[in-house]
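Structure file protein-v4.txt (compact mmCIF, C-alpha atoms) is printed below.
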# COMPACT_ATOMS: atom_id res chain seq x y z
CA MET A 1 -11.41 -28.41 -16.79
CA ILE A 2 -13.87 -31.17 -16.00
CA THR A 3 -15.88 -30.35 -12.88
CA THR A 4 -18.76 -32.86 -12.77
CA ILE A 5 -19.21 -36.59 -13.03
CA GLN A 6 -21.44 -36.06 -16.07
CA GLU A 7 -18.67 -34.20 -17.87
CA LEU A 8 -16.17 -36.83 -16.77
CA ASN A 9 -18.37 -39.68 -18.05
CA GLN A 10 -18.98 -37.87 -21.35
CA THR A 11 -15.24 -37.32 -21.80
CA ARG A 12 -14.58 -41.00 -21.09
CA ASP A 13 -17.21 -42.08 -23.62
CA ASP A 14 -15.85 -39.67 -26.25
CA CYS A 15 -12.33 -41.02 -25.67
CA TYR A 16 -13.51 -44.63 -25.95
CA ALA A 17 -15.01 -43.72 -29.34
CA LEU A 18 -11.73 -42.08 -30.35
CA VAL A 19 -9.81 -45.22 -29.34
CA GLN A 20 -12.22 -47.33 -31.41
CA LYS A 21 -11.49 -45.20 -34.50
CA ARG A 22 -7.74 -45.38 -33.99
CA ALA A 23 -7.91 -49.12 -33.35
CA ARG A 24 -9.51 -49.48 -36.79
CA LEU A 25 -6.53 -47.64 -38.28
CA SER A 26 -4.21 -50.03 -36.45
CA ALA A 27 -6.16 -53.00 -37.80
CA THR A 28 -5.83 -51.66 -41.33
CA ALA A 29 -2.06 -51.27 -40.94
CA SER A 30 -1.85 -54.75 -39.39
CA ALA A 31 -3.59 -56.31 -42.37
CA ILE A 32 -0.99 -55.00 -44.83
CA PRO A 33 1.58 -57.75 -45.37
CA VAL A 34 4.69 -55.63 -44.80
CA VAL A 35 6.77 -56.66 -41.79
CA GLY A 36 7.18 -53.82 -39.30
CA LEU A 37 4.60 -51.50 -40.87
CA ASP A 38 2.02 -52.31 -38.20
CA ILE A 39 4.39 -51.57 -35.32
CA ALA A 40 5.45 -48.27 -36.88
CA ALA A 41 1.79 -47.40 -37.43
CA ASP A 42 0.90 -48.30 -33.84
CA VAL A 43 3.67 -46.08 -32.46
CA GLY A 44 2.51 -43.22 -34.69
CA ILE A 45 -1.12 -43.70 -33.71
CA LEU A 46 -0.30 -43.78 -30.00
CA LEU A 47 1.99 -40.74 -30.27
CA GLN A 48 -1.12 -38.80 -31.36
CA LEU A 49 -3.80 -40.64 -29.39
CA VAL A 50 -2.32 -40.54 -25.88
CA PRO A 51 -1.69 -36.76 -25.79
CA GLU A 52 -5.18 -36.14 -27.17
CA ILE A 53 -6.76 -38.28 -24.43
CA ASN A 54 -4.62 -36.54 -21.80
CA GLU A 55 -5.71 -33.14 -23.10
CA ARG A 56 -9.41 -34.04 -23.11
CA PHE A 57 -9.19 -35.09 -19.46
CA GLY A 58 -7.20 -31.99 -18.49
CA LEU A 59 -4.13 -34.13 -17.88
CA SER A 60 -1.61 -33.03 -20.50
CA LYS A 61 1.84 -32.18 -19.25
CA GLN A 62 1.13 -28.46 -19.71
CA GLN A 63 -2.25 -28.64 -17.95
CA VAL A 64 -0.87 -30.61 -15.01
CA ALA A 65 1.99 -28.10 -14.62
CA GLU A 66 -0.61 -25.40 -13.87
CA TYR A 67 -2.33 -27.34 -11.07
CA SER A 68 -1.70 -26.77 -7.40
CA PRO A 69 0.65 -29.17 -5.58
CA ALA A 70 -2.35 -30.84 -3.91
CA VAL A 71 -3.98 -31.54 -7.27
CA LYS A 72 -0.70 -32.82 -8.73
CA GLU A 73 -0.41 -35.19 -5.79
CA ALA A 74 -3.99 -36.39 -6.36
CA ILE A 75 -3.13 -37.13 -9.99
CA ALA A 76 0.03 -39.02 -9.05
CA GLY A 77 -1.60 -40.72 -6.05
CA GLY A 78 -3.48 -43.38 -7.96
CA HIS A 79 -2.22 -46.52 -9.51
CA GLY A 80 -3.70 -47.47 -12.86
CA LYS A 81 -6.00 -50.45 -12.94
CA SER A 82 -4.32 -51.79 -16.02
CA GLY A 83 -0.80 -50.59 -15.49
CA ALA A 84 -0.64 -50.10 -19.26
CA GLY A 85 -1.47 -46.43 -19.28
CA MET A 86 -0.89 -44.76 -15.93
CA SER A 87 2.69 -43.82 -16.70
CA MET A 88 1.38 -41.70 -19.60
CA VAL A 89 -0.99 -39.51 -17.55
CA GLY A 90 0.39 -35.99 -17.45
CA ALA A 91 3.68 -37.10 -18.99
CA GLU A 92 5.54 -35.94 -22.03
CA ILE A 93 4.69 -38.57 -24.61
CA THR A 94 7.77 -39.95 -26.35
CA LYS A 95 8.51 -42.88 -28.61
CA THR A 96 10.24 -44.54 -25.65
CA LEU A 97 7.15 -44.25 -23.50
CA ILE A 98 4.91 -45.53 -26.29
CA THR A 99 7.28 -48.43 -26.91
CA TYR A 100 7.06 -49.30 -23.22
CA ALA A 101 3.26 -49.39 -23.45
CA LEU A 102 3.44 -51.54 -26.57
CA ARG A 103 5.73 -54.00 -24.80
CA LYS A 104 2.75 -54.75 -22.59
CA ILE A 105 1.28 -56.44 -25.63
CA ALA A 106 4.53 -57.77 -27.10
CA ALA A 107 3.41 -61.40 -27.34
CA ARG A 108 0.64 -60.34 -29.66
CA ALA A 109 3.11 -58.35 -31.75
CA VAL A 110 5.31 -61.41 -32.25
CA LYS A 111 2.30 -63.43 -33.42
CA LYS A 112 1.37 -60.60 -35.78
CA GLN A 113 4.81 -60.61 -37.44
CA VAL A 114 4.67 -64.38 -38.00
CA LEU A 115 1.18 -64.14 -39.44
CA LYS A 116 2.39 -61.67 -42.09
CA PHE A 117 3.65 -64.67 -44.03
CA VAL A 118 0.28 -66.49 -44.13
CA PRO A 119 -1.71 -65.10 -47.06
CA PHE A 120 -5.25 -63.79 -46.52
CA LEU A 121 -6.19 -65.64 -43.32
CA GLY A 122 -3.01 -64.50 -41.57
CA TRP A 123 -3.60 -60.94 -42.67
CA ALA A 124 -7.17 -61.02 -41.36
CA VAL A 125 -6.07 -62.48 -38.03
CA ASN A 126 -3.34 -59.85 -37.89
CA ALA A 127 -5.92 -57.11 -38.32
CA VAL A 128 -8.01 -58.49 -35.45
CA ILE A 129 -4.97 -58.75 -33.19
CA GLY A 130 -3.88 -55.21 -34.11
CA PHE A 131 -7.36 -53.86 -33.41
CA ARG A 132 -7.62 -55.55 -30.04
CA ALA A 133 -4.10 -54.58 -28.98
CA MET A 134 -4.63 -50.92 -29.84
CA LYS A 135 -8.02 -50.93 -28.17
CA PHE A 136 -6.53 -52.48 -25.02
CA VAL A 137 -3.74 -49.92 -24.73
CA GLY A 138 -6.01 -46.99 -25.63
CA ASN A 139 -8.88 -47.97 -23.34
CA SER A 140 -6.44 -48.69 -20.50
CA HIS A 141 -5.13 -45.17 -20.85
CA VAL A 142 -8.67 -43.75 -20.93
CA ASP A 143 -9.48 -45.64 -17.72
CA ASP A 144 -6.31 -44.36 -16.05
CA CYS A 145 -7.08 -40.78 -17.10
CA TYR A 146 -10.66 -41.15 -15.86
CA ASP A 147 -9.41 -42.27 -12.45
CA ALA A 148 -6.87 -39.42 -12.28
CA ALA A 149 -9.44 -36.80 -13.35
CA LYS A 150 -11.87 -38.13 -10.76
CA ARG A 151 -9.21 -37.68 -8.08
CA VAL A 152 -8.65 -34.11 -9.34
CA ILE A 153 -12.37 -33.35 -8.95
CA GLU A 154 -12.34 -34.84 -5.46
CA SER A 155 -9.27 -32.84 -4.42
CA GLN A 156 -10.49 -29.55 -5.88
CA TYR A 157 -14.11 -29.72 -4.83
CA GLY A 158 -13.82 -31.82 -1.69
CA TYR A 159 -16.37 -34.43 -2.69
CA SER A 160 -16.65 -37.64 -4.62
CA PRO A 161 -18.47 -37.00 -7.89
CA THR A 162 -19.93 -40.53 -7.98
Translate the structure described by the file into structure tokens.
Amino acid sequence: MITTIQELNQTRDDCYALVQKRARLSATASAIPVVGLDIAADVGILLQLVPEINERFGLSKQQVAEYSPAVKEAIAGGHGKSGAGMSMVGAEITKTLITYALRKIAARAVKKQVLKFVPFLGWAVNAVIGFRAMKFVGNSHVDDCYDAAKRVIESQYGYSPT
């Protein structure tokens, strides 16, 4: 359980680094000129990434189930800045939920599929789009978890850790 702002900030920074690594994997999959491979890879990456971020912030479904009702309300009480990740805080992560998050970046996905047919330059652009899209979804979720964990600290310790 995170109890201080220093721990919270360190967890956020560690999760941003984790997102960066996974975004590179997404970029690699996006550069491969096979239609649909990048989307399947993104779903797989997010199915692992989101629960790991939740766990690091103390916000996995199992962890949240153990909190008091007041803490659960504090977690649910915020609205994500991005809207891309808040629905995944403390939730059971499913392909449906991940697909919903990916729809937030659907326009980019359409461009990526078209670019699969443009040799070399299209593949490179695809990789950049894949990297940025994964980074956006991942960092949005980190930000949402940060906000929720901050509310948990405030509700449990009766102060703002800022």
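Between Val152 (chain A) and the residues A:Gly58, A:Pro33, A:Gly44, A:Gly138, the shortest atom-to-atom distance, using only C-alpha atoms, involves A:Gly58.
Within the 9 Å cut-off around region 26-30 of chain A, using all atoms listed in the file and omitting residues fewer than 5 positions from it on the same chain, the listed residues are Lys21, Leu37, Asp38, Ile39, Ala41, Asp42, Ile45, Lys112, Lys116, Trp123, Ala124, Val125, Asn126, Ala127, Val128, Ile129, Gly130, Phe131, Arg132, Ala133 and Met134 of chain A.
The interatomic distance for the pair CA of Val19 (chain A) and CA of Asp144 (chain A) works out to 13.8 Å.
Minimum atom-to-atom distances from A:Val50, A:Ala76, A:Val34, A:Leu18 to Val64 (chain A) were compared using only C-alpha atoms, and the lowest value belongs to A:Ala76.
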Expected answer as a tab-separated table (two decimals) with C-alpha atoms, in the frame of the given file: all residues with atoms within 12 Å of (-17.6, -40.7, -17.6), all atoms listed in the file:
chain	number	residue	atom	x	y	z
A	2	ILE	CA	-13.87	-31.17	-16.00
A	3	THR	CA	-15.88	-30.35	-12.88
A	4	THR	CA	-18.76	-32.86	-12.77
A	5	ILE	CA	-19.21	-36.59	-13.03
A	6	GLN	CA	-21.44	-36.06	-16.07
A	7	GLU	CA	-18.67	-34.20	-17.87
A	8	LEU	CA	-16.17	-36.83	-16.77
A	9	ASN	CA	-18.37	-39.68	-18.05
A	10	GLN	CA	-18.98	-37.87	-21.35
A	11	THR	CA	-15.24	-37.32	-21.80
A	12	ARG	CA	-14.58	-41.00	-21.09
A	13	ASP	CA	-17.21	-42.08	-23.62
A	14	ASP	CA	-15.85	-39.67	-26.25
A	15	CYS	CA	-12.33	-41.02	-25.67
A	16	TYR	CA	-13.51	-44.63	-25.95
A	56	ARG	CA	-9.41	-34.04	-23.11
A	57	PHE	CA	-9.19	-35.09	-19.46
A	142	VAL	CA	-8.67	-43.75	-20.93
A	143	ASP	CA	-9.48	-45.64	-17.72
A	144	ASP	CA	-6.31	-44.36	-16.05
A	145	CYS	CA	-7.08	-40.78	-17.10
A	146	TYR	CA	-10.66	-41.15	-15.86
A	147	ASP	CA	-9.41	-42.27	-12.45
A	149	ALA	CA	-9.44	-36.80	-13.35
A	150	LYS	CA	-11.87	-38.13	-10.76
A	161	PRO	CA	-18.47	-37.00	-7.89
A	162	THR	CA	-19.93	-40.53	-7.98
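A straight line drawn from CA of Val71 (chain A) to CA of Ser155 (chain A) is 6.1 Å long.
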Counting all atoms listed in the file, find residues at most 12 Å from (-4.4, -34.0, -27.9) (file frame) and give them as a short mmCIF file (atom, residue, chain, number, x, y, z; two decimals) with C-alpha atoms, in the frame of the given file.
data_model
loop_
_atom_site.label_atom_id
_atom_site.label_comp_id
_atom_site.auth_asym_id
_atom_site.auth_seq_id
_atom_site.Cartn_x
_atom_site.Cartn_y
_atom_site.Cartn_z
CA CYS A 15 -12.33 -41.02 -25.67
CA LEU A 18 -11.73 -42.08 -30.35
CA ILE A 45 -1.12 -43.70 -33.71
CA LEU A 46 -0.30 -43.78 -30.00
CA LEU A 47 1.99 -40.74 -30.27
CA GLN A 48 -1.12 -38.80 -31.36
CA LEU A 49 -3.80 -40.64 -29.39
CA VAL A 50 -2.32 -40.54 -25.88
CA PRO A 51 -1.69 -36.76 -25.79
CA GLU A 52 -5.18 -36.14 -27.17
CA ILE A 53 -6.76 -38.28 -24.43
CA ASN A 54 -4.62 -36.54 -21.80
CA GLU A 55 -5.71 -33.14 -23.10
CA ARG A 56 -9.41 -34.04 -23.11
CA PHE A 57 -9.19 -35.09 -19.46
CA GLY A 58 -7.20 -31.99 -18.49
CA LEU A 59 -4.13 -34.13 -17.88
CA SER A 60 -1.61 -33.03 -20.50
CA LYS A 61 1.84 -32.18 -19.25
CA GLN A 62 1.13 -28.46 -19.71
CA GLN A 63 -2.25 -28.64 -17.95
CA GLY A 90 0.39 -35.99 -17.45
CA GLU A 92 5.54 -35.94 -22.03
CA ILE A 93 4.69 -38.57 -24.61
#
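From CA of Gln156 (chain A) back to CA of Ala70 (chain A), the distance works out to 8.5 Å.
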Specify the axis-aligned box that encloses all atoms of region 128-131 of chain A listed in the file after padding of 5 Å on each side, stating its centre and edge lengths in Å to one decimal as AutoDock Vina command-line options.
--center_x -5.9 --center_y -56.3 --center_z -34.3 --size_x 14.1 --size_y 14.9 --size_z 12.3
For Gln20 (chain A), which residue out of A:Ala148, A:Lys135, A:Ser140, A:Gly158 is the nearest one, using only C-alpha atoms?
-> A:Lys135
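Ranking A:Tyr67, A:Val43, A:Val137, A:Glu73 by their shortest atom-to-atom distance to Met1 (chain A), with all atoms listed in the file included, puts A:Tyr67 first.
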Of A:Ala31, A:Tyr157, A:Arg151, A:Arg22, the one sitting nearest Ala74 (chain A) when using only C-alpha atoms is A:Arg151
Residue with the minimum atom-to-atom distance to Val89 (chain A), picked from A:His141, A:Phe136, A:Ala40, A:Pro69 with all atoms listed in the file counted, is A:His141
